[in-house]
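Everything below belongs to protein04.cif, which stores mmCIF, C-alpha atoms and all ligand atoms.
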```
data_work
#
loop_
_atom_site.label_atom_id
_atom_site.label_comp_id
_atom_site.auth_asym_id
_atom_site.auth_seq_id
_atom_site.Cartn_x
_atom_site.Cartn_y
_atom_site.Cartn_z
CA MET L 1 20.31 -17.14 -3.79
CA PRO L 2 16.79 -15.68 -3.97
CA ARG L 3 16.57 -11.91 -4.36
CA LYS L 4 15.18 -10.08 -1.34
CA ILE L 5 12.00 -8.07 -1.87
CA ILE L 6 9.84 -5.67 0.15
CA LEU L 7 6.34 -4.96 -1.14
CA ASP L 8 4.67 -1.63 -0.28
CA LEU L 9 0.99 -2.50 -0.76
CA ASP L 10 -2.43 -0.84 -0.48
CA THR L 11 -4.05 -4.30 -0.44
CA GLY L 12 -6.36 -4.09 -2.85
CA ILE L 13 -7.26 -7.00 -5.18
CA ASP L 14 -4.37 -6.63 -7.61
CA ASP L 15 -2.06 -5.95 -4.65
CA ALA L 16 -3.22 -9.32 -3.28
CA LEU L 17 -2.35 -10.90 -6.64
CA ALA L 18 1.06 -9.17 -6.53
CA LEU L 19 1.68 -10.59 -3.07
CA ALA L 20 0.66 -14.05 -4.28
CA TYR L 21 3.02 -13.68 -7.28
CA ALA L 22 5.89 -12.86 -4.93
CA LEU L 23 5.08 -15.76 -2.60
CA GLY L 24 4.88 -18.09 -5.59
CA SER L 25 8.27 -17.02 -6.99
CA PRO L 26 11.23 -19.17 -5.90
CA GLU L 27 13.55 -16.41 -7.16
CA LEU L 28 12.27 -14.09 -4.40
CA GLU L 29 12.49 -13.96 -0.63
CA VAL L 30 9.83 -11.63 0.77
CA ILE L 31 11.53 -10.04 3.79
CA GLY L 32 8.63 -7.78 4.72
CA ILE L 33 5.58 -5.83 3.66
CA THR L 34 4.85 -2.19 4.31
CA GLY L 35 1.24 -1.09 4.17
CA THR L 36 0.11 2.12 2.56
CA TYR L 37 -3.34 3.70 2.06
CA GLY L 38 -5.01 3.97 -1.36
CA ASN L 39 -7.48 1.27 -2.35
CA VAL L 40 -8.26 1.07 1.39
CA ALA L 41 -7.09 2.73 4.61
CA VAL L 42 -3.72 1.59 5.99
CA GLU L 43 -5.28 -0.57 8.76
CA THR L 44 -7.51 -2.41 6.28
CA GLY L 45 -4.63 -2.97 3.87
CA VAL L 46 -2.41 -4.28 6.67
CA ARG L 47 -5.18 -6.59 7.86
CA ASN L 48 -5.67 -7.91 4.32
CA ALA L 49 -1.95 -8.51 3.84
CA LEU L 50 -1.76 -10.41 7.15
CA ALA L 51 -4.83 -12.50 6.29
CA ILE L 52 -3.44 -13.38 2.84
CA LEU L 53 -0.04 -14.31 4.29
CA GLU L 54 -1.81 -16.62 6.74
CA LEU L 55 -3.85 -18.20 3.96
CA PHE L 56 -0.66 -19.04 2.10
CA GLY L 57 1.12 -20.24 5.26
CA ARG L 58 3.55 -17.31 5.43
CA SER L 59 2.70 -15.57 8.70
CA ASP L 60 6.44 -15.41 9.36
CA ILE L 61 6.68 -12.37 7.04
CA PRO L 62 6.39 -9.10 9.01
CA VAL L 63 3.88 -6.42 7.95
CA TYR L 64 4.53 -2.79 8.96
CA ALA L 65 1.95 0.00 8.84
CA GLY L 66 3.11 2.97 6.74
CA VAL L 67 2.16 6.64 6.54
CA PRO L 68 -1.67 6.88 6.63
CA HIS L 69 -2.31 9.83 4.29
CA ALA L 70 -0.85 12.02 1.53
CA ARG L 71 1.84 14.60 2.25
CA THR L 72 -0.42 17.58 1.57
CA ARG L 73 -3.38 16.23 3.57
CA ASP L 74 -4.03 15.40 7.19
CA SER L 75 -6.35 12.45 6.66
CA PHE L 76 -7.45 9.89 4.08
CA GLU L 77 -10.84 8.75 2.88
CA VAL L 78 -11.34 5.88 0.47
CA LEU L 79 -12.55 7.14 -2.92
CA GLU L 80 -15.86 5.84 -4.25
CA ILE L 81 -14.12 4.47 -7.36
CA SER L 82 -11.67 2.48 -5.19
CA GLU L 83 -14.56 0.94 -3.25
CA PHE L 84 -16.27 0.10 -6.50
CA ILE L 85 -13.22 -1.63 -7.97
CA HIS L 86 -11.82 -3.37 -4.88
CA GLY L 87 -14.91 -3.66 -2.63
CA VAL L 88 -15.42 -2.12 0.81
CA ASN L 89 -13.04 -4.64 2.41
CA GLY L 90 -10.48 -4.16 -0.39
CA ILE L 91 -10.49 -7.81 -1.45
CA GLY L 92 -13.73 -7.87 -3.41
CA GLU L 93 -15.79 -8.84 -0.31
CA ALA L 94 -14.00 -12.21 -0.28
CA VAL L 95 -14.07 -13.56 3.26
CA LEU L 96 -10.82 -14.43 5.00
CA PRO L 97 -10.54 -15.29 8.71
CA GLU L 98 -9.18 -12.59 11.03
CA PRO L 99 -5.39 -12.98 10.99
CA SER L 100 -3.92 -14.54 14.13
CA VAL L 101 -0.76 -12.43 13.79
CA GLN L 102 -0.65 -8.67 14.43
CA ALA L 103 1.19 -6.02 12.41
CA ALA L 104 4.87 -5.74 13.34
CA GLY L 105 5.56 -3.26 16.12
CA GLY L 106 8.13 -1.14 14.28
CA ASN L 107 7.78 1.67 11.85
CA ALA L 108 7.56 1.07 8.08
CA VAL L 109 9.94 3.91 7.22
CA ASP L 110 12.64 2.62 9.61
CA PHE L 111 12.19 -0.88 8.25
CA LEU L 112 12.69 0.34 4.66
CA VAL L 113 15.73 2.44 5.54
CA GLN L 114 17.38 -0.32 7.61
CA SER L 115 16.68 -2.96 4.98
CA VAL L 116 18.44 -0.96 2.23
CA ARG L 117 21.38 -0.34 4.56
CA GLU L 118 21.58 -4.04 5.35
CA HIS L 119 20.94 -5.62 1.95
CA GLY L 120 21.93 -2.93 -0.59
CA GLU L 121 21.81 -4.21 -4.15
CA ASP L 122 20.40 -7.59 -3.13
CA LEU L 123 17.08 -5.96 -2.26
CA VAL L 124 14.34 -4.70 -4.56
CA ILE L 125 11.44 -2.59 -3.28
CA VAL L 126 8.13 -2.87 -5.12
CA PRO L 127 5.59 -0.15 -4.25
CA THR L 128 2.14 -0.78 -5.67
CA GLY L 129 0.21 2.06 -4.04
CA PRO L 130 0.69 5.80 -3.42
CA SER L 131 4.37 6.78 -2.93
CA THR L 132 3.95 8.45 0.48
CA THR L 133 5.82 5.93 2.65
CA ILE L 134 8.65 5.51 0.12
CA ALA L 135 9.01 9.30 -0.10
CA ALA L 136 9.24 9.43 3.70
CA ALA L 137 12.08 6.87 3.59
CA ILE L 138 13.86 8.95 0.93
CA GLU L 139 13.62 12.03 3.14
CA ALA L 140 14.66 10.10 6.23
CA ASP L 141 17.95 8.83 4.78
CA ASP L 142 20.06 9.93 1.78
CA HIS L 143 21.53 6.44 1.66
CA PHE L 144 18.06 5.09 0.91
CA ALA L 145 17.56 7.58 -1.96
CA GLU L 146 20.96 6.73 -3.44
CA ASN L 147 20.82 2.96 -3.05
CA ALA L 148 17.21 1.73 -3.06
CA ARG L 149 16.29 -0.23 -6.18
CA ILE L 150 12.64 0.46 -6.86
CA VAL L 151 10.23 -1.19 -9.31
CA MET L 152 6.97 0.67 -8.86
CA MET L 153 3.44 0.30 -10.22
CA GLY L 154 2.11 3.75 -11.00
CA GLY L 155 1.86 6.47 -13.60
CA ALA L 156 1.12 6.60 -17.30
CA LEU L 157 3.51 8.01 -19.90
CA SER L 158 1.99 7.25 -23.30
CA VAL L 159 -1.65 6.62 -22.36
CA PRO L 160 -4.27 8.62 -20.42
CA GLY L 161 -4.80 8.27 -16.69
CA ASN L 162 -7.38 5.96 -15.14
CA VAL L 163 -8.88 8.19 -12.45
CA ARG L 164 -8.53 11.54 -14.21
CA PRO L 165 -7.59 12.31 -17.81
CA TRP L 166 -3.93 12.81 -16.87
CA ALA L 167 -3.54 10.87 -13.66
CA GLU L 168 -3.12 7.22 -12.71
CA ALA L 169 -4.68 6.17 -9.37
CA ASN L 170 -1.52 5.66 -7.27
CA VAL L 171 0.18 8.88 -8.38
CA ASN L 172 -3.11 10.77 -8.12
CA GLN L 173 -3.29 10.05 -4.37
CA ASP L 174 0.00 11.83 -3.62
CA PRO L 175 1.61 13.51 -6.64
CA GLU L 176 4.19 15.31 -4.44
CA ALA L 177 5.42 11.99 -3.06
CA THR L 178 5.90 10.39 -6.50
CA ASP L 179 7.57 13.57 -7.77
CA LEU L 180 10.04 13.43 -4.88
CA LEU L 181 10.65 9.73 -5.59
CA PHE L 182 11.38 10.46 -9.28
CA ARG L 183 13.70 13.36 -8.49
CA ARG L 184 15.67 11.79 -5.63
CA SER L 185 15.85 8.03 -6.36
CA ARG L 186 18.73 6.81 -8.49
CA ASP L 187 17.18 3.55 -9.70
CA VAL L 188 13.45 3.48 -10.48
CA THR L 189 11.56 1.32 -12.94
CA MET L 190 8.05 2.62 -13.63
CA ILE L 191 5.46 -0.01 -14.51
CA GLY L 192 2.56 2.19 -15.53
CA LEU L 193 -0.74 1.89 -17.36
CA ASP L 194 1.22 1.86 -20.65
CA VAL L 195 1.91 -1.82 -19.99
CA THR L 196 -0.42 -2.91 -17.18
CA LEU L 197 -3.53 -2.30 -19.27
CA GLN L 198 -2.15 -4.77 -21.80
CA THR L 199 -1.97 -7.58 -19.25
CA LEU L 200 -5.56 -8.68 -18.73
CA LEU L 201 -7.16 -11.58 -16.91
CA THR L 202 -10.59 -13.09 -17.58
CA THR L 203 -12.95 -15.50 -15.82
CA GLU L 204 -11.53 -18.29 -17.97
CA GLU L 205 -8.34 -18.11 -15.91
CA THR L 206 -10.02 -17.59 -12.54
CA ALA L 207 -12.11 -20.73 -13.19
CA GLN L 208 -8.85 -22.70 -13.12
CA TRP L 209 -8.24 -21.48 -9.56
CA ARG L 210 -11.75 -22.41 -8.45
CA GLU L 211 -11.34 -25.91 -9.90
CA LEU L 212 -8.43 -26.54 -7.52
CA GLY L 213 -10.91 -26.98 -4.66
CA THR L 214 -8.56 -25.25 -2.22
CA ALA L 215 -9.00 -22.29 0.13
CA GLY L 216 -6.28 -20.41 -1.73
CA GLY L 217 -7.84 -21.10 -5.13
CA ASP L 218 -11.27 -19.97 -3.91
CA PHE L 219 -9.86 -16.73 -2.49
CA LEU L 220 -7.98 -15.83 -5.67
CA ALA L 221 -11.02 -16.63 -7.83
CA ASP L 222 -13.56 -14.82 -5.60
CA ALA L 223 -11.50 -11.63 -5.27
CA THR L 224 -10.45 -11.52 -8.92
CA ASP L 225 -13.96 -12.21 -10.26
CA TYR L 226 -15.17 -9.17 -8.30
CA TYR L 227 -12.37 -7.11 -9.91
CA ILE L 228 -13.23 -8.43 -13.38
CA ARG L 229 -16.91 -7.49 -12.86
CA ALA L 230 -15.87 -3.95 -11.88
CA TYR L 231 -13.75 -3.67 -15.03
CA GLU L 232 -16.71 -4.83 -17.13
CA THR L 233 -18.46 -1.64 -15.97
CA THR L 234 -15.59 0.87 -15.96
CA ALA L 235 -13.64 -0.36 -19.01
CA PRO L 236 -15.80 -2.82 -21.00
CA ASN L 237 -13.60 -2.35 -24.08
CA LEU L 238 -10.67 -4.10 -22.38
CA GLY L 239 -12.30 -7.52 -22.01
CA GLY L 240 -10.60 -8.33 -18.69
CA CYS L 241 -9.05 -6.78 -15.59
CA GLY L 242 -5.67 -5.05 -15.53
CA LEU L 243 -2.93 -6.99 -13.72
CA HIS L 244 -1.22 -3.77 -12.63
CA ASP L 245 0.53 -4.71 -9.41
CA PRO L 246 1.55 -8.30 -10.24
CA LEU L 247 3.32 -7.06 -13.37
CA ALA L 248 5.62 -4.90 -11.19
CA VAL L 249 6.57 -7.96 -9.11
CA ALA L 250 7.08 -10.00 -12.28
CA VAL L 251 9.48 -7.37 -13.63
CA ALA L 252 11.38 -7.42 -10.34
CA VAL L 253 11.87 -11.16 -10.94
CA ASP L 254 12.55 -10.87 -14.68
CA PRO L 255 13.19 -7.41 -16.20
CA SER L 256 13.23 -8.93 -19.70
CA LEU L 257 9.41 -9.12 -19.59
CA VAL L 258 9.27 -5.41 -20.50
CA THR L 259 11.04 -2.99 -22.81
CA CYS L 260 11.99 0.27 -21.14
CA LEU L 261 12.76 3.83 -22.06
CA ASP L 262 15.54 5.46 -20.02
CA ILE L 263 14.32 8.87 -18.88
CA ASN L 264 14.40 11.42 -16.06
CA LEU L 265 10.86 11.69 -14.74
CA LYS L 266 8.81 14.20 -12.81
CA VAL L 267 5.15 14.61 -11.84
CA ASP L 268 3.09 17.67 -12.73
CA LEU L 269 1.91 19.25 -9.49
CA VAL L 270 -0.28 22.16 -10.57
CA GLY L 271 -3.13 22.82 -12.96
CA GLU L 272 -5.32 20.37 -14.80
CA THR L 273 -2.42 17.98 -15.46
CA ARG L 274 -1.70 17.54 -11.72
CA GLY L 275 -0.68 13.90 -11.23
CA ARG L 276 0.72 13.42 -14.75
CA THR L 277 3.99 11.47 -14.97
CA ILE L 278 6.21 12.98 -17.67
CA GLY L 279 9.83 13.58 -18.69
CA ASP L 280 11.56 16.30 -16.69
CA HIS L 281 12.64 18.84 -19.32
CA ASP L 282 15.15 20.38 -16.87
CA ARG L 283 17.02 17.07 -16.88
CA LEU L 284 16.42 16.22 -20.54
CA ASN L 285 20.09 16.58 -21.45
CA ASP L 286 21.46 15.05 -18.29
CA PRO L 287 23.39 11.98 -19.49
CA VAL L 288 22.47 10.16 -16.28
CA LYS L 289 18.94 8.80 -16.47
CA THR L 290 17.55 7.74 -13.11
CA ALA L 291 14.35 6.06 -14.29
CA ARG L 292 13.20 3.48 -16.79
CA VAL L 293 9.61 3.46 -18.00
CA ALA L 294 8.18 0.22 -19.33
CA VAL L 295 6.65 0.92 -22.75
CA ALA L 296 6.12 -2.61 -24.07
CA VAL L 297 5.45 -5.97 -22.43
CA ASP L 298 5.61 -9.62 -23.46
CA VAL L 299 1.96 -10.26 -22.56
CA GLU L 300 1.88 -13.96 -23.37
CA ARG L 301 4.99 -14.81 -21.35
CA PHE L 302 3.86 -12.72 -18.38
CA LEU L 303 0.38 -14.31 -18.30
CA ALA L 304 1.90 -17.80 -18.46
CA GLU L 305 4.26 -16.98 -15.57
CA PHE L 306 1.41 -15.38 -13.62
CA MET L 307 -0.92 -18.37 -13.94
CA GLN L 308 1.79 -20.94 -13.23
CA ARG L 309 3.03 -19.18 -10.08
CA LEU L 310 -0.38 -18.36 -8.58
CA THR L 311 -1.92 -21.71 -9.43
CA SER L 312 0.89 -23.72 -7.88
CA LEU L 313 0.80 -21.49 -4.78
CA ALA L 314 -2.98 -21.94 -4.42
CA GLU L 315 -2.67 -25.68 -4.99
CA ARG L 316 -0.56 -25.99 -1.84
CA THR L 317 -3.25 -24.46 0.45
CA PRO L 318 -5.73 -26.60 2.45
CA ALA L 319 -8.76 -28.10 0.75
CA ARG L 320 -11.92 -26.04 0.66
CA ARG L 321 -14.03 -26.88 3.71
CA ASP L 322 -16.80 -29.33 2.90
CA LEU L 323 -20.11 -27.55 2.69
CA VAL L 324 -22.44 -28.28 5.58
CA PRO L 325 -25.66 -29.65 4.04
CA GLN L 326 -28.60 -27.27 4.42
CA ALA L 327 -31.69 -28.50 6.32
CA ALA L 328 -33.74 -28.55 3.10
CA ASP L 329 -31.23 -30.93 1.47
CA ARG L 330 -31.25 -33.51 4.24
C1 LIG L 401 -3.31 1.00 -9.35
O1 LIG L 401 -4.35 1.61 -8.57
C2 LIG L 401 -4.91 0.68 -7.68
O2 LIG L 401 -6.30 0.69 -7.81
C3 LIG L 401 -4.37 -0.66 -8.06
O3 LIG L 401 -4.18 -1.48 -6.92
C4 LIG L 401 -3.07 -0.36 -8.77
O4 LIG L 401 -2.01 -0.30 -7.85
C5 LIG L 401 -3.72 1.01 -10.81
O5 LIG L 401 -3.87 2.30 -11.28
CA CA L 402 -2.24 -1.14 -5.61
#
```
Written as structure tokens, that's how I'd like the structure from this file.
Ligand code: BDR
Ligand code: CA
Amino acid sequence: MPRKIILDLDTGIDDALALAYALGSPELEVIGITGTYGNVAVETGVRNALAILELFGRSDIPVYAGVPHARTRDSFEVLEISEFIHGVNGIGEAVLPEPSVQAAGGNAVDFLVQSVREHGEDLVIVPTGPSTTIAAAIEADDHFAENARIVMMGGALSVPGNVRPWAEANVNQDPEATDLLFRRSRDVTMIGLDVTLQTLLTTEETAQWRELGTAGGDFLADATDYYIRAYETTAPNLGGCGLHDPLAVAVAVDPSLVTCLDINLKVDLVGETRGRTIGDHDRLNDPVKTARVAVAVDVERFLAEFMQRLTSLAERTPARRDLVPQAADR
């Protein structure tokens, strides 16, 4: 029986790769997507998720719009750095047709709460953006906080942040929400920069997608090449782009890909370390640890799984449309 999964995405290039990883994993049944803000505004992220689902022939999966801004703010504006890394349209200016299916009518928070009530332990929730919508579900229903199994991309325990010296991008958007998640959830796995900056992709791999000659292969290659070019500017020492969000999905499929430290976590909320994910010293001696932080990753095995799953998914999409010859060529 495949494991049920809900992705909470701010789609985003690596969110798109995470979605593709989930769709390409026979061990998973994607029962829905909730859309958060972050790399893009909620509406753009929802539109991207719908367009990607359509590309991969999975318009049957519902997409719900989540909370549009951080808890302590009353609006959201895309940061310049997000636009630089993911493009104005969030998918590296790759062009996908307008989706023919609309976002689902219901509310993302209700969908999350109901899904945990219905599926319990058979469901894993993978948030790959700011924690705002998940925090709202925790506040809406104690049963959700007690029973939701969460594998999240966000935070940094043993390495510096990526948008500020102490803060990782997703946690930085809404530190209060991630703090609430860490304090109230009973089962959280944190896939942070400690491991995601070890899992890097280069144009050598994206060329394999382009060679497929399919619409899916072209999309994955176009979006990811944009992301790789951005990384060449912001982090040239890495030699590739970080596969942050797909690693969280991969761990939901196979936890043995990472080694974890059991710990009770919190987020610093004031001062220069605002947004830092760190052990909660008030719960240091509590024998019950509610979180696991990934501190090591089997890079080779993850990259092999990643390429196999995405390539076979892209292979099954329609052939790239034949180019119409230009007047000068005729
Ligand atoms: C995280 O921030 C976003 O830019 C990415 O999509 C990823 O979820 C990495 O810090
Ligand atoms: Ca993301």
Give me, as a Markdown table, each residue of chain L that comes within 9 Å of ligand LIG 401 (chain L), together with its shortest interatomic pair and the distance in Å at one decimal, counting all atoms listed in the file, with rows ordered by chain and rising residue number.
```
| residue | atom | partner | partner_atom | distance |
| --- | --- | --- | --- | --- |
| L:Leu9 | CA | L:LIG401 | O4 | 8.0 |
| L:Asp10 | CA | L:LIG401 | O3 | 6.7 |
| L:Thr11 | CA | L:LIG401 | O3 | 7.1 |
| L:Gly12 | CA | L:LIG401 | O3 | 5.3 |
| L:Ile13 | CA | L:LIG401 | O3 | 6.6 |
| L:Asp14 | CA | L:LIG401 | O3 | 5.2 |
| L:Asp15 | CA | L:LIG401 | O3 | 5.4 |
| L:Ala16 | CA | L:LIG401 | O3 | 8.7 |
| L:Gly38 | CA | L:LIG401 | C2 | 7.1 |
| L:Asn39 | CA | L:LIG401 | O2 | 5.6 |
| L:Ile81 | CA | L:LIG401 | O2 | 8.7 |
| L:Ser82 | CA | L:LIG401 | O2 | 6.2 |
| L:Ile85 | CA | L:LIG401 | O2 | 7.3 |
| L:His86 | CA | L:LIG401 | O2 | 7.5 |
| L:Pro127 | CA | L:LIG401 | O4 | 8.4 |
| L:Thr128 | CA | L:LIG401 | O4 | 4.7 |
| L:Gly129 | CA | L:LIG401 | O4 | 5.0 |
| L:Pro130 | CA | L:LIG401 | O4 | 8.0 |
| L:Met153 | CA | L:LIG401 | O4 | 6.0 |
| L:Gly154 | CA | L:LIG401 | O5 | 6.2 |
| L:Gly155 | CA | L:LIG401 | O5 | 7.5 |
| L:Ala156 | CA | L:LIG401 | O5 | 8.9 |
| L:Gly161 | CA | L:LIG401 | O5 | 8.1 |
| L:Asn162 | CA | L:LIG401 | O5 | 6.4 |
| L:Val163 | CA | L:LIG401 | O5 | 7.8 |
| L:Ala167 | CA | L:LIG401 | O5 | 8.9 |
| L:Glu168 | CA | L:LIG401 | O5 | 5.2 |
| L:Ala169 | CA | L:LIG401 | O5 | 4.4 |
| L:Asn170 | CA | L:LIG401 | O1 | 5.1 |
| L:Val171 | CA | L:LIG401 | O5 | 8.3 |
| L:Gly192 | CA | L:LIG401 | O5 | 7.7 |
| L:Leu193 | CA | L:LIG401 | O5 | 6.9 |
| L:Thr196 | CA | L:LIG401 | C5 | 8.2 |
| L:Gly242 | CA | L:LIG401 | C5 | 7.9 |
| L:Leu243 | CA | L:LIG401 | C4 | 8.3 |
| L:His244 | CA | L:LIG401 | C4 | 5.5 |
| L:Asp245 | CA | L:LIG401 | O4 | 5.3 |
```
Between atom CA of L:Lys266 and atom CA of L:Ile278, what is the distance in Å, rounded to a tenth?
5.6 Å
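Residues with any atom within 10 Å of L:Val109, counting only C-alpha atoms and excluding same-chain neighbours fewer than 3 positions away, are Thr34, Tyr64, Ala65, Gly66, Val67, Gly106, Leu112, Val113, Gln114, Ser115, Thr133, Ile134, Ala135, Ala136, Ala137, Ile138, Glu139, Ala140 and Asp141 of chain L.
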For L:Val295, list every protein, DNA or RNA residue within 6 Å, evaluated using only C-alpha atoms, and leave out those in the same chain fewer than 2 positions away; present the list as a PDB file with C-alpha atoms, in the frame of the given file.
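What landed in part.pdb:
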```pdb
ATOM      1  CA  ASP L 194       1.220   1.860 -20.650  1.00  0.00           C
ATOM      2  CA  THR L 259      11.040  -2.990 -22.810  1.00  0.00           C
ATOM      3  CA  CYS L 260      11.990   0.270 -21.140  1.00  0.00           C
TER       4      CYS L 260
END
```
Can you list, as JSON, numbers by chain, every protein, DNA or RNA residue that comes within 8 Å of L:Gly239 when you count all atoms listed in the file, leaving out same-chain residues fewer than 6 positions away?
{"L": [200, 202, 232]}
Among L:Glu205, L:Asp268, L:Asp262, L:Glu93, L:Gly240 is approached most closely, using all atoms listed in the file, by L:Glu205
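Between atom CA of L:Phe111 and atom CA of L:Ala177 lies a distance of 18.4 Å.
Taking all atoms listed in the file, the non-local environment of stretch 210-221 of chain L within 6 Å (same-chain residues fewer than 2 positions away omitted) comprises Thr206, Ala207, Gln208, Ala223, Thr224, Asp225, Ala314, Thr317, Pro318, Ala319 and Arg320 of chain L.
Residue nearest ligand CA 402 (chain L) within the list L:Pro246, L:Gly87, L:Gly105, L:Pro26: L:Pro246 [criterion: smallest interatomic distance, all atoms listed in the file].
Here atom CA of L:Ala49 stands at a distance of 8.1 Å from atom CA of L:Leu19.
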